[in-house]
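Structure file upload-v2.txt (compact mmCIF, C-alpha atoms and all ligand atoms) is printed below.
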```txt
# COMPACT_ATOMS: atom_id res chain seq x y z
CA MET A 1 22.08 -0.13 -23.26
CA ASN A 2 23.76 1.70 -20.40
CA GLU A 3 21.81 2.84 -17.35
CA ALA A 4 21.28 6.41 -18.59
CA GLU A 5 19.71 5.05 -21.78
CA LEU A 6 17.53 2.63 -19.80
CA ILE A 7 16.29 5.49 -17.62
CA LEU A 8 15.49 7.53 -20.72
CA GLU A 9 13.65 4.60 -22.28
CA ALA A 10 11.59 4.08 -19.11
CA LYS A 11 10.72 7.78 -19.10
CA GLU A 12 9.60 7.70 -22.74
CA ASP A 13 7.45 4.63 -22.05
CA ARG A 14 5.88 6.43 -19.11
CA PHE A 15 5.11 9.54 -21.17
CA LEU A 16 3.31 7.36 -23.72
CA LEU A 17 1.32 5.69 -20.96
CA GLN A 18 0.42 9.03 -19.36
CA LYS A 19 -0.79 10.39 -22.67
CA ALA A 20 -2.86 7.25 -23.30
CA LEU A 21 -4.41 7.42 -19.81
CA VAL A 22 -5.46 11.06 -20.21
CA LYS A 23 -6.91 10.27 -23.62
CA GLN A 24 -8.80 7.26 -22.23
CA TYR A 25 -10.25 8.98 -19.15
CA HIS A 26 -10.22 12.59 -20.36
CA GLN A 27 -9.46 13.67 -16.78
CA SER A 28 -6.56 15.27 -14.89
CA LEU A 29 -3.41 13.25 -14.29
CA VAL A 30 -0.94 13.46 -11.41
CA SER A 31 2.46 11.75 -11.56
CA ILE A 32 4.48 11.22 -8.39
CA LYS A 33 8.12 10.15 -8.37
CA ALA A 34 11.24 10.84 -6.36
CA ASN A 35 13.65 13.49 -7.54
CA TYR A 36 16.62 11.14 -7.16
CA PRO A 37 19.49 12.52 -9.24
CA GLY A 38 21.80 10.42 -11.41
CA SER A 39 21.81 6.62 -11.51
CA HIS A 40 20.29 3.91 -9.22
CA LYS A 41 16.99 5.75 -9.05
CA ASN A 42 15.11 2.57 -8.11
CA ASN A 43 16.43 2.21 -4.57
CA LEU A 44 15.16 1.54 -1.03
CA LEU A 45 14.85 5.16 0.10
CA SER A 46 13.23 6.49 -3.07
CA THR A 47 10.72 3.61 -3.13
CA TYR A 48 9.81 4.31 0.49
CA LEU A 49 9.43 8.05 -0.11
CA VAL A 50 7.12 7.69 -3.13
CA ILE A 51 4.90 5.01 -1.57
CA LYS A 52 4.64 6.93 1.71
CA SER A 53 3.61 10.06 -0.19
CA PHE A 54 1.03 8.13 -2.16
CA ILE A 55 -0.40 6.62 1.06
CA GLU A 56 -0.73 10.16 2.41
CA LEU A 57 -2.02 11.74 -0.81
CA ARG A 58 -4.60 9.06 -1.60
CA SER A 59 -6.76 10.31 1.28
CA LEU A 60 -6.66 13.87 -0.16
CA ILE A 61 -7.14 13.24 -3.88
CA ASP A 62 -10.36 12.06 -5.45
CA ILE A 63 -8.89 9.09 -7.37
CA CYS A 64 -10.68 7.40 -10.32
CA PHE A 65 -7.79 5.15 -11.24
CA TYR A 66 -4.14 4.75 -10.38
CA GLN A 67 -1.21 2.73 -11.58
CA ILE A 68 2.24 2.14 -10.06
CA ILE A 69 5.28 1.49 -12.25
CA SER A 70 8.62 0.16 -11.05
CA SER A 71 11.33 0.86 -13.61
CA TYR A 72 14.80 2.36 -14.04
CA GLU A 73 13.17 5.70 -13.18
CA GLY A 74 12.30 4.27 -9.76
CA ILE A 75 8.72 4.00 -8.53
CA VAL A 76 6.23 6.25 -10.33
CA VAL A 77 2.58 6.59 -9.30
CA LEU A 78 0.13 7.79 -11.97
CA ILE A 79 -3.23 9.03 -10.72
CA ILE A 80 -6.31 9.87 -12.76
CA SER A 81 -8.67 12.29 -11.01
CA LYS A 82 -11.89 14.13 -11.85
CA SER A 83 -10.69 17.16 -9.87
CA ASP A 84 -9.70 20.36 -11.63
CA SER A 85 -6.03 20.26 -12.63
CA HIS A 86 -5.26 23.78 -11.27
CA LEU A 87 -6.73 22.81 -7.93
CA LEU A 88 -4.73 19.57 -7.95
CA LYS A 89 -1.51 21.45 -8.75
CA LYS A 90 -2.10 23.81 -5.81
CA MET A 91 -2.74 20.83 -3.51
CA MET A 92 0.47 19.17 -4.71
CA ILE A 93 2.52 22.34 -4.14
CA ASP A 94 1.11 22.54 -0.60
CA TYR A 95 2.10 18.93 -0.04
CA GLU A 96 5.61 19.46 -1.44
CA GLU A 97 6.09 22.37 0.92
CA LYS A 98 4.44 20.81 3.97
CA GLU A 99 7.54 18.94 5.09
CA GLU A 100 11.21 19.29 4.22
CA VAL A 101 11.43 15.68 2.96
CA ASN A 102 8.59 16.28 0.47
CA ARG A 103 10.83 18.65 -1.45
CA LEU A 104 12.59 15.50 -2.68
CA LEU A 105 9.46 14.57 -4.63
CA ASP A 106 8.80 15.33 -8.25
CA ILE A 107 5.04 15.75 -8.70
CA ASP A 108 3.61 16.80 -12.06
CA VAL A 109 0.01 17.64 -12.87
CA TYR A 110 -1.57 17.52 -16.35
CA SER A 111 -4.94 18.80 -17.52
CA ASN A 112 -7.54 16.62 -19.25
CA GLU A 113 -6.02 17.96 -22.52
CA TYR A 114 -2.60 16.70 -21.37
CA GLU A 115 -1.09 20.16 -20.80
CA VAL A 116 1.42 20.48 -17.97
CA ILE A 117 0.12 22.73 -15.20
CA SER A 118 3.26 24.62 -14.23
CA ARG A 119 3.93 26.76 -11.19
CA ARG A 120 4.37 29.73 -13.54
CA LEU A 121 0.90 29.21 -14.97
CA LEU A 122 -0.47 29.64 -11.44
CA ASN A 123 1.85 32.56 -10.67
CA ILE A 124 3.66 30.56 -8.02
CA LYS A 125 7.41 30.93 -7.44
CA SER A 126 9.41 28.22 -9.22
CA ARG A 127 10.95 25.45 -7.15
CA SER A 128 14.14 26.23 -5.30
CA CYS A 129 17.12 23.87 -5.33
CA PHE A 130 17.13 21.62 -2.28
CA ILE A 131 20.81 22.23 -1.64
CA CYS A 132 21.46 25.94 -2.20
CA ASP A 133 17.94 27.42 -2.37
CA GLU A 134 18.62 29.09 -5.74
CA ASP A 135 16.29 28.41 -8.68
CA ALA A 136 16.30 24.60 -9.11
CA LYS A 137 16.22 24.76 -12.91
CA GLN A 138 19.32 27.01 -13.00
CA CYS A 139 21.28 24.63 -10.72
CA ASN A 140 20.19 21.71 -12.88
CA ARG A 141 21.21 23.41 -16.12
CA SER A 142 24.59 24.58 -14.87
CA GLN A 143 25.19 21.24 -13.05
CA LYS A 144 26.20 23.26 -10.03
CA HIS A 145 26.08 20.22 -7.69
CA SER A 146 27.59 16.80 -8.36
CA TYR A 147 25.36 13.70 -8.44
CA GLU A 148 27.23 12.39 -5.38
CA GLU A 149 26.43 15.54 -3.44
CA LEU A 150 22.77 15.49 -4.50
CA GLN A 151 22.36 11.77 -3.78
CA SER A 152 23.87 11.96 -0.33
CA TYR A 153 21.68 14.99 0.44
CA PHE A 154 18.64 12.96 -0.65
CA ASN A 155 19.61 9.89 1.40
CA ASP A 156 20.47 11.87 4.54
CA LEU A 157 17.25 13.87 4.44
CA VAL A 158 15.02 10.78 4.04
CA ILE A 159 16.81 8.95 6.87
CA LYS A 160 16.69 12.02 9.10
CA ASP A 161 12.97 12.31 8.43
CA ILE A 162 12.28 8.64 9.27
CA PHE A 163 13.94 8.93 12.67
CA SER A 164 12.98 12.52 13.50
CA ASN A 165 9.59 11.83 15.07
CA LYS A 166 9.19 9.06 17.68
CA GLN A 167 5.41 9.00 17.32
CA LEU A 168 5.60 8.35 13.55
CA LEU A 169 8.69 6.11 13.57
CA TYR A 170 6.79 2.80 13.29
CA TYR A 171 4.41 4.21 10.68
CA LYS A 172 7.42 5.10 8.54
CA LEU A 173 9.45 1.94 9.24
CA SER A 174 6.47 -0.26 8.31
CA ILE A 175 6.11 1.54 4.97
CA TYR A 176 9.88 1.29 4.42
CA GLY A 177 9.87 -2.49 4.99
CA LEU A 178 6.62 -3.37 3.23
CA SER A 179 6.99 -1.10 0.17
CA ASN A 180 10.46 -2.43 -0.50
CA GLU A 181 9.30 -5.99 0.04
CA LEU A 182 6.70 -5.37 -2.70
CA ASN A 183 9.46 -3.94 -4.92
CA LYS A 184 11.91 -6.88 -4.51
CA PRO A 185 14.15 -7.35 -7.58
CA ILE A 186 13.13 -11.04 -7.76
CA ASN A 187 9.79 -12.10 -6.34
CA TYR A 188 9.97 -15.83 -5.46
CA GLY A 189 6.33 -16.19 -6.48
CA CYS A 190 5.19 -13.22 -4.37
CA VAL A 191 3.09 -10.27 -5.64
CA GLY A 192 5.19 -7.39 -7.01
CA PHE A 193 4.55 -4.10 -8.84
CA ASN A 194 5.14 -5.64 -12.22
CA HIS A 195 3.46 -9.05 -11.80
CA ASN A 196 1.13 -10.96 -9.51
CA GLY A 197 3.47 -13.86 -8.77
CA ALA A 198 1.72 -17.12 -8.02
CA HIS A 199 -1.44 -15.36 -6.84
CA GLN A 200 -4.76 -15.10 -8.66
CA ASP A 201 -6.74 -13.48 -5.84
CA MET A 202 -4.49 -10.46 -5.17
CA ASP A 203 -2.30 -7.89 -6.87
CA TYR A 204 -0.27 -4.84 -5.85
CA TYR A 205 -3.49 -2.82 -5.39
CA THR A 206 -4.53 -5.27 -2.65
CA PHE A 207 -1.09 -4.85 -1.06
CA ILE A 208 -1.19 -1.04 -1.23
CA ASP A 209 -4.64 -1.06 0.44
CA SER A 210 -3.36 -3.41 3.11
CA MET A 211 -0.18 -1.39 3.62
CA THR A 212 -2.19 1.84 3.97
CA SER A 213 -4.24 0.23 6.73
CA ILE A 214 -1.25 -1.31 8.54
CA SER A 215 0.98 1.76 8.44
CA ASN A 216 -1.82 4.04 9.64
CA ASP A 217 -2.45 1.70 12.59
CA PHE A 218 1.25 1.83 13.48
CA LYS A 219 0.83 5.59 14.09
CA TYR A 220 -0.71 4.52 17.41
CA PHE A 221 1.93 1.91 18.28
CA SER A 222 3.88 4.25 20.60
CA ASN A 223 0.78 4.56 22.78
CA ILE A 224 0.41 0.88 23.67
CA GLU A 225 1.93 -0.93 26.60
CA LEU A 226 4.72 -3.24 25.48
CA SER A 227 3.50 -6.56 26.86
CA PHE A 228 2.52 -9.74 25.04
CA ASP A 229 -1.17 -9.33 25.82
CA HIS A 230 -1.32 -5.73 24.62
CA LEU A 231 0.59 -6.59 21.44
CA ARG A 232 -1.81 -9.44 20.76
CA ALA A 233 -4.86 -7.25 21.28
CA PHE A 234 -3.39 -4.54 19.03
CA GLY A 235 -2.52 -7.19 16.43
CA ILE A 236 -6.10 -8.50 16.35
CA VAL A 237 -7.43 -5.01 15.63
CA MET A 238 -4.76 -4.50 12.95
CA GLU A 239 -5.78 -7.77 11.28
CA GLU A 240 -9.45 -6.76 11.30
CA HIS A 241 -8.55 -3.45 9.63
CA MET A 242 -6.35 -5.24 7.09
CA PHE A 243 -9.10 -7.72 6.13
CA LYS A 244 -11.56 -4.85 5.79
CA ALA A 245 -9.13 -2.95 3.52
CA THR A 246 -8.46 -6.00 1.32
CA LYS A 247 -12.05 -7.32 1.30
CA ASN A 248 -11.03 -10.43 3.25
CA ILE A 249 -7.83 -11.31 1.44
CA ASN A 250 -4.88 -12.22 3.65
CA THR A 251 -1.98 -10.12 2.39
CA HIS A 252 -0.03 -9.30 5.53
CA GLN A 253 -1.18 -11.41 8.52
CA GLY A 254 2.34 -12.82 8.93
CA ALA A 255 3.92 -9.40 8.43
CA ILE A 256 1.72 -7.84 11.13
CA PHE A 257 2.77 -10.57 13.59
CA SER A 258 6.51 -10.12 12.91
CA LEU A 259 6.44 -6.31 12.72
CA LEU A 260 4.68 -6.10 16.10
CA PHE A 261 7.41 -8.16 17.76
CA LEU A 262 10.19 -6.33 15.95
CA PHE A 263 8.85 -2.86 16.78
CA ALA A 264 8.25 -3.79 20.42
CA GLY A 265 11.84 -5.07 20.55
CA ILE A 266 13.13 -1.81 19.06
CA ALA A 267 11.00 0.32 21.40
CA LEU A 268 12.27 -1.58 24.46
CA SER A 269 15.95 -1.34 23.50
CA ASN A 270 18.48 1.39 24.12
CA GLU A 271 20.95 -0.30 21.83
CA PHE A 272 20.72 -2.23 18.59
CA ASN A 273 22.28 -5.30 20.24
CA ASP A 274 19.51 -5.49 22.86
CA ILE A 275 16.69 -5.92 20.34
CA THR A 276 16.90 -9.71 20.00
CA SER A 277 16.92 -10.45 23.75
CA ASN A 278 13.97 -8.08 24.32
CA ILE A 279 11.91 -9.82 21.60
CA LYS A 280 12.81 -13.20 23.09
CA LYS A 281 11.47 -12.16 26.50
CA LEU A 282 8.30 -10.68 25.02
CA ALA A 283 7.53 -13.76 22.94
CA ILE A 284 7.70 -16.32 25.77
CA PRO A 285 3.89 -16.72 26.03
CA LEU A 286 3.93 -18.02 22.42
CA LYS A 287 5.35 -21.27 23.79
CA ALA A 288 1.88 -22.08 25.07
CA ASP A 289 0.76 -22.48 21.43
CA PHE A 290 3.08 -25.48 21.13
CA THR A 291 2.40 -27.13 24.49
CA SER A 292 -1.34 -26.77 25.02
CA ASN A 293 -3.56 -29.87 24.91
CA ASP A 294 -5.48 -28.86 21.81
CA ILE A 295 -2.76 -27.87 19.31
CA PRO A 296 -4.29 -27.01 15.92
CA GLU A 297 -3.67 -29.65 13.26
CA HIS A 298 -1.31 -27.59 11.10
CA LEU A 299 0.87 -26.74 14.11
CA SER A 300 1.23 -30.33 15.24
CA PHE A 301 2.19 -31.26 11.66
CA TYR A 302 4.99 -28.67 11.74
CA LEU A 303 6.07 -29.77 15.21
CA LYS A 304 6.32 -33.38 14.09
CA ASN A 305 8.63 -32.23 11.32
CA ASN A 306 10.57 -29.93 13.62
CA ILE A 307 9.41 -26.77 11.84
CA MET A 308 8.69 -23.84 14.14
CA GLY A 309 7.80 -21.26 11.45
CA ALA A 310 6.97 -17.65 12.30
CA ARG A 311 6.36 -18.44 16.00
CA GLY A 312 9.75 -20.09 16.30
CA LEU A 313 11.43 -17.07 14.74
CA ALA A 314 9.78 -14.70 17.22
CA LEU A 315 10.62 -17.04 20.15
CA SER A 316 14.28 -16.93 19.11
CA GLY A 317 14.20 -13.11 18.98
CA TYR A 318 14.82 -13.35 15.21
CA GLN A 319 18.34 -14.39 16.12
CA VAL A 320 18.99 -15.73 12.62
CA ILE A 321 18.52 -12.22 11.17
CA PHE A 322 21.07 -10.72 13.54
CA GLU A 323 23.58 -13.55 13.37
CA GLU A 324 23.40 -14.73 9.77
CA ILE A 325 21.33 -12.50 7.50
CA LEU A 326 22.67 -9.05 8.43
CA PRO A 327 26.36 -10.11 8.35
CA TYR A 328 25.71 -11.82 5.00
CA TYR A 329 24.17 -8.66 3.56
CA ASP A 330 27.13 -6.58 4.82
CA LYS A 331 29.32 -8.82 2.67
CA VAL A 332 27.27 -9.07 -0.56
CA ASN A 333 25.31 -5.78 -0.50
CA GLU A 334 22.84 -7.16 -3.08
CA LEU A 335 19.10 -7.26 -2.46
CA ASP A 336 18.34 -10.34 -4.57
CA GLU A 337 21.05 -12.27 -2.75
CA LEU A 338 19.63 -11.08 0.56
CA MET A 339 16.23 -12.56 -0.31
CA ASN A 340 17.87 -15.74 -1.58
CA LYS A 341 19.79 -16.18 1.68
CA ILE A 342 16.54 -15.77 3.60
CA VAL A 343 14.72 -18.38 1.49
CA SER A 344 17.62 -20.81 2.02
CA ILE A 345 17.54 -20.62 5.84
CA ILE A 346 14.08 -19.50 7.02
CA GLU A 347 11.33 -21.98 7.92
CA ASP A 348 8.76 -20.63 5.48
CA THR A 349 5.46 -22.38 6.21
CA ASN A 350 3.77 -20.38 3.41
CA ILE A 351 5.59 -22.65 0.95
CA ILE A 352 4.35 -25.80 2.69
CA LYS A 353 0.78 -24.49 2.87
CA ARG A 354 0.69 -24.19 -0.91
CA SER A 355 2.63 -27.39 -1.62
CA ASN A 356 4.24 -30.07 0.54
CA LEU A 357 7.38 -30.86 2.53
CA ASP A 358 9.32 -32.17 -0.48
CA THR A 359 8.73 -29.00 -2.50
CA TYR A 360 9.66 -26.91 0.54
CA GLN A 361 12.96 -28.79 0.88
CA LYS A 362 13.59 -28.49 -2.85
CA ILE A 363 13.18 -24.69 -2.87
CA LYS A 364 15.44 -24.32 0.16
CA SER A 365 18.12 -26.44 -1.43
CA MET A 366 17.83 -24.55 -4.76
CA ALA A 367 18.32 -21.29 -2.84
CA PHE A 368 21.18 -22.77 -0.83
CA LYS A 369 23.00 -23.85 -3.99
CA ALA A 370 22.24 -20.72 -6.06
CA ASN A 371 25.42 -19.00 -7.19
CA THR A 372 24.35 -16.76 -10.03
CA LYS A 373 21.47 -14.42 -10.81
CA LYS A 374 20.34 -17.03 -13.34
CA ASP A 375 20.08 -19.65 -10.53
CA ILE A 376 18.04 -17.18 -8.47
CA ARG A 377 15.69 -16.45 -11.37
CA ALA A 378 15.23 -20.20 -11.85
CA ILE A 379 13.83 -20.44 -8.29
CA ASP A 380 11.35 -17.65 -9.04
CA GLU A 381 10.27 -19.50 -12.19
CA TYR A 382 9.97 -22.76 -10.23
CA CYS A 383 7.73 -20.98 -7.67
CA LEU A 384 5.56 -19.53 -10.42
CA SER A 385 5.11 -22.78 -12.31
CA ASN A 386 4.28 -24.65 -9.09
CA ASN A 387 1.96 -21.96 -7.77
CA ILE A 388 4.09 -21.28 -4.68
CA SER A 389 5.00 -18.01 -3.02
CA CYS A 390 7.69 -17.54 -0.36
CA GLY A 391 5.55 -15.21 1.77
CA GLY A 392 7.16 -16.08 5.11
CA SER A 393 10.58 -15.29 3.65
CA ALA A 394 9.20 -12.03 2.24
CA ASP A 395 8.15 -10.99 5.78
CA ILE A 396 11.68 -11.66 7.04
CA TYR A 397 13.04 -9.69 4.05
CA ALA A 398 10.98 -6.66 5.19
CA LEU A 399 12.21 -7.08 8.78
CA SER A 400 15.82 -7.40 7.59
CA LEU A 401 15.60 -4.19 5.54
CA ILE A 402 14.27 -2.31 8.56
CA LEU A 403 17.09 -3.64 10.75
CA ILE A 404 19.74 -2.83 8.12
CA LEU A 405 18.46 0.76 8.06
CA LEU A 406 18.40 0.95 11.84
CA LYS A 407 21.92 -0.42 12.17
CA LYS A 408 23.26 2.06 9.62
CA TYR A 409 21.49 4.90 11.33
CA GLN A 410 22.85 3.79 14.69
CA LYS A 411 26.35 3.97 13.21
CA GLN A 412 25.70 7.63 12.46
CA GLY A 413 25.24 7.93 16.23
CA GLU A 414 21.65 9.12 16.27
CA TYR A 415 19.69 6.03 17.28
ZN ZN B 1 21.56 24.55 -6.04
```
Just give me the structure of the file as structure tokens.
Ligand SMILES: [Zn+2]
Amino acid sequence: MNEAELILEAKEDRFLLQKALVKQYHQSLVSIKANYPGSHKNNLLSTYLVIKSFIELRSLIDICFYQIISSYEGIVVLIISKSDSHLLKKMMIDYEEKEEVNRLLDIDVYSNEYEVISRRLLNIKSRSCFICDEDAKQCNRSQKHSYEELQSYFNDLVIKDIFSNKQLLYYKLSIYGLSNELNKPINYGCVGFNHNGAHQDMDYYTFIDSMTSISNDFKYFSNIELSFDHLRAFGIVMEEHMFKATKNINTHQGAIFSLLFLFAGIALSNEFNDITSNIKKLAIPLKADFTSNDIPEHLSFYLKNNIMGARGLALSGYQVIFEEILPYYDKVNELDELMNKIVSIIEDTNIIKRSNLDTYQKIKSMAFKANTKKDIRAIDEYCLSNNISCGGSADIYALSLILILLKKYQKQGEY
């Protein structure tokens, strides 16, 4: 099947699921997806946009049940709600029109009898095309704009929106990194939208709850003083909120730690190239964790084996991302190879925690030697059958995606 057929198949599957959900619950249904034209609908910017919108909408909608699908259509969120479908449609139209970037969303509302609630039904003007402001349906039918034109409009608008507001920058960047980490093409035993990886105690719902809490806390990041002590205090509060949101499951403790250092580095830097040295300076007090008289047992074990883990990465200013991972991604431009590169070089103590040093070395060497997609999938299968997840590498994957976006944006001269 070619990509157009795969997209069509995914859409048909979704329609069947929607119909079944409405029949099961006999309530209204809302579907949220990105209006990304043409091929490659499941991409970094569309994933970010849909998950960000869901994080915002979930506090407005009375949700009985929701489900997130990752397919050739991109990310689609299906929500079942007791609320009246006409009321829901009006709320969704308000949301679509609240901010320019929300016009890139495609939100449909169905009644509990599975009838589409259209704008016309509510006597509301039909949607205008996001390029020329004419009737969107007309432009679509006459194919007035090329897919290239529509896609670059979509990409530019999302990027512009991410960087347009300093106060919300870290809120948006955290969603960008974490939502795309959850939507990795190959999971290396981690939780994803379509399976739970090597985890029995958590699924993507736990991650979405955690991500909602983390991103909302990052709305206040611009207000804090950028010193080690203030970052640590802020991080402790963020962890408390995360554990409350996940009912005491640790989904993102490592991610919170790394994102705090990364964002502080970004906030302190005038140029992309200054980020690593600023993080290095900020992280210096972490050295005390390795030199104090009462080092925790797990840390002294790592030290004995010369493994510095997440602390070591922060102390180095995440140098390996800037010097090896980003240049590698520039060359290959493939997300599964990006993750594989990270697994092959990062000191991922999450693997050791769930196994031992030999298994850790084995996974790294499998990743190092992997040449084909089949080799990469074999590592994922190895992780699953040995109950391992490469969570530390997944955190660095999220950080790398954020830095790749930042670097690209800087090239456009606006950072
Ligand atoms: Zn148009």
Practice problem: Using all atoms listed in the file, find each residue with an atom at most 10 Å away from ligand ZN 1 (chain B) and format the answer as a ChimeraX atom specification. | Solution: /A:128-140,142-145,150
Self-check item: Spatial neighbours of stretch 282-291 of chain A, 6 Å, all atoms listed in the file, chain gap at least 2 places, as a list in words
Solution: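 The residues that qualify are Phe228, Ile279, Lys280 and Leu315 of chain A.
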Quiz item: Separation of atom CA of A:Ser81 and atom CA of A:Tyr204, in Å?
Solution: 19.8 Å
Within 7 Å of stretch 22-46 of chain A, which residues of stretch 90-158 of chain A come that close, and what is the closest atom pair and distance in Å for each? Count only C-alpha atoms and give it as a tab-separated table.
```
residue	atom	partner	partner_atom	distance
A:Leu104	CA	A:Asn35	CA	5.4
A:Leu105	CA	A:Ala34	CA	4.5
A:Asp106	CA	A:Lys33	CA	5.2
A:Ile107	CA	A:Ile32	CA	4.6
A:Asp108	CA	A:Ser31	CA	5.2
A:Val109	CA	A:Val30	CA	4.5
A:Tyr110	CA	A:Leu29	CA	5.1
A:Ser111	CA	A:Ser28	CA	4.7
A:Asn112	CA	A:Gln27	CA	4.3
A:Tyr114	CA	A:Val22	CA	6.4
A:Tyr147	CA	A:Gly38	CA	5.7
A:Leu150	CA	A:Pro37	CA	6.5
A:Gln151	CA	A:Pro37	CA	6.2
A:Asn155	CA	A:Leu45	CA	6.8
A:Val158	CA	A:Leu45	CA	6.9
```
Those selected residues, please, written with C-alpha atoms and delivered as a PDB file, in the frame of the given file.
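Okay, result-v3.pdb is ready:
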```
ATOM      1  CA  LEU A 104      12.590  15.500  -2.680  1.00  0.00           C
ATOM      2  CA  LEU A 105       9.460  14.570  -4.630  1.00  0.00           C
ATOM      3  CA  ASP A 106       8.800  15.330  -8.250  1.00  0.00           C
ATOM      4  CA  ILE A 107       5.040  15.750  -8.700  1.00  0.00           C
ATOM      5  CA  ASP A 108       3.610  16.800 -12.060  1.00  0.00           C
ATOM      6  CA  VAL A 109       0.010  17.640 -12.870  1.00  0.00           C
ATOM      7  CA  TYR A 110      -1.570  17.520 -16.350  1.00  0.00           C
ATOM      8  CA  SER A 111      -4.940  18.800 -17.520  1.00  0.00           C
ATOM      9  CA  ASN A 112      -7.540  16.620 -19.250  1.00  0.00           C
ATOM     10  CA  TYR A 114      -2.600  16.700 -21.370  1.00  0.00           C
ATOM     11  CA  TYR A 147      25.360  13.700  -8.440  1.00  0.00           C
ATOM     12  CA  LEU A 150      22.770  15.490  -4.500  1.00  0.00           C
ATOM     13  CA  GLN A 151      22.360  11.770  -3.780  1.00  0.00           C
ATOM     14  CA  ASN A 155      19.610   9.890   1.400  1.00  0.00           C
ATOM     15  CA  VAL A 158      15.020  10.780   4.040  1.00  0.00           C
TER      16      VAL A 158
END
```
Self-check item: All residues 12 Å or closer to A:Leu405, only C-alpha atoms, same chain fewer than 6 positions away omitted, as a ChimeraX atom specification
Solution: /A:44-45,155-156,158-160,162-163,172-173,176-177,272,326,329-330,398-399,411-412,415
Limit the output to C-alpha atoms and give stretch 271-285 of chain A as a compact mmCIF listing (two decimals), in the first residue's frame.
```txt
# COMPACT_ATOMS: atom_id res chain seq x y z
CA GLU A 271 23.19 32.24 21.38
CA PHE A 272 22.63 28.56 20.74
CA ASN A 273 26.35 27.85 21.18
CA ASP A 274 26.35 29.26 24.73
CA ILE A 275 23.78 26.80 26.08
CA THR A 276 26.19 23.99 26.98
CA SER A 277 28.65 26.20 28.90
CA ASN A 278 25.80 27.85 30.83
CA ILE A 279 24.40 24.45 31.88
CA LYS A 280 27.88 23.33 32.91
CA LYS A 281 28.27 26.33 35.22
CA LEU A 282 24.80 25.87 36.71
CA ALA A 283 25.30 22.18 37.40
CA ILE A 284 28.57 22.50 39.38
CA PRO A 285 26.89 21.93 42.79
```
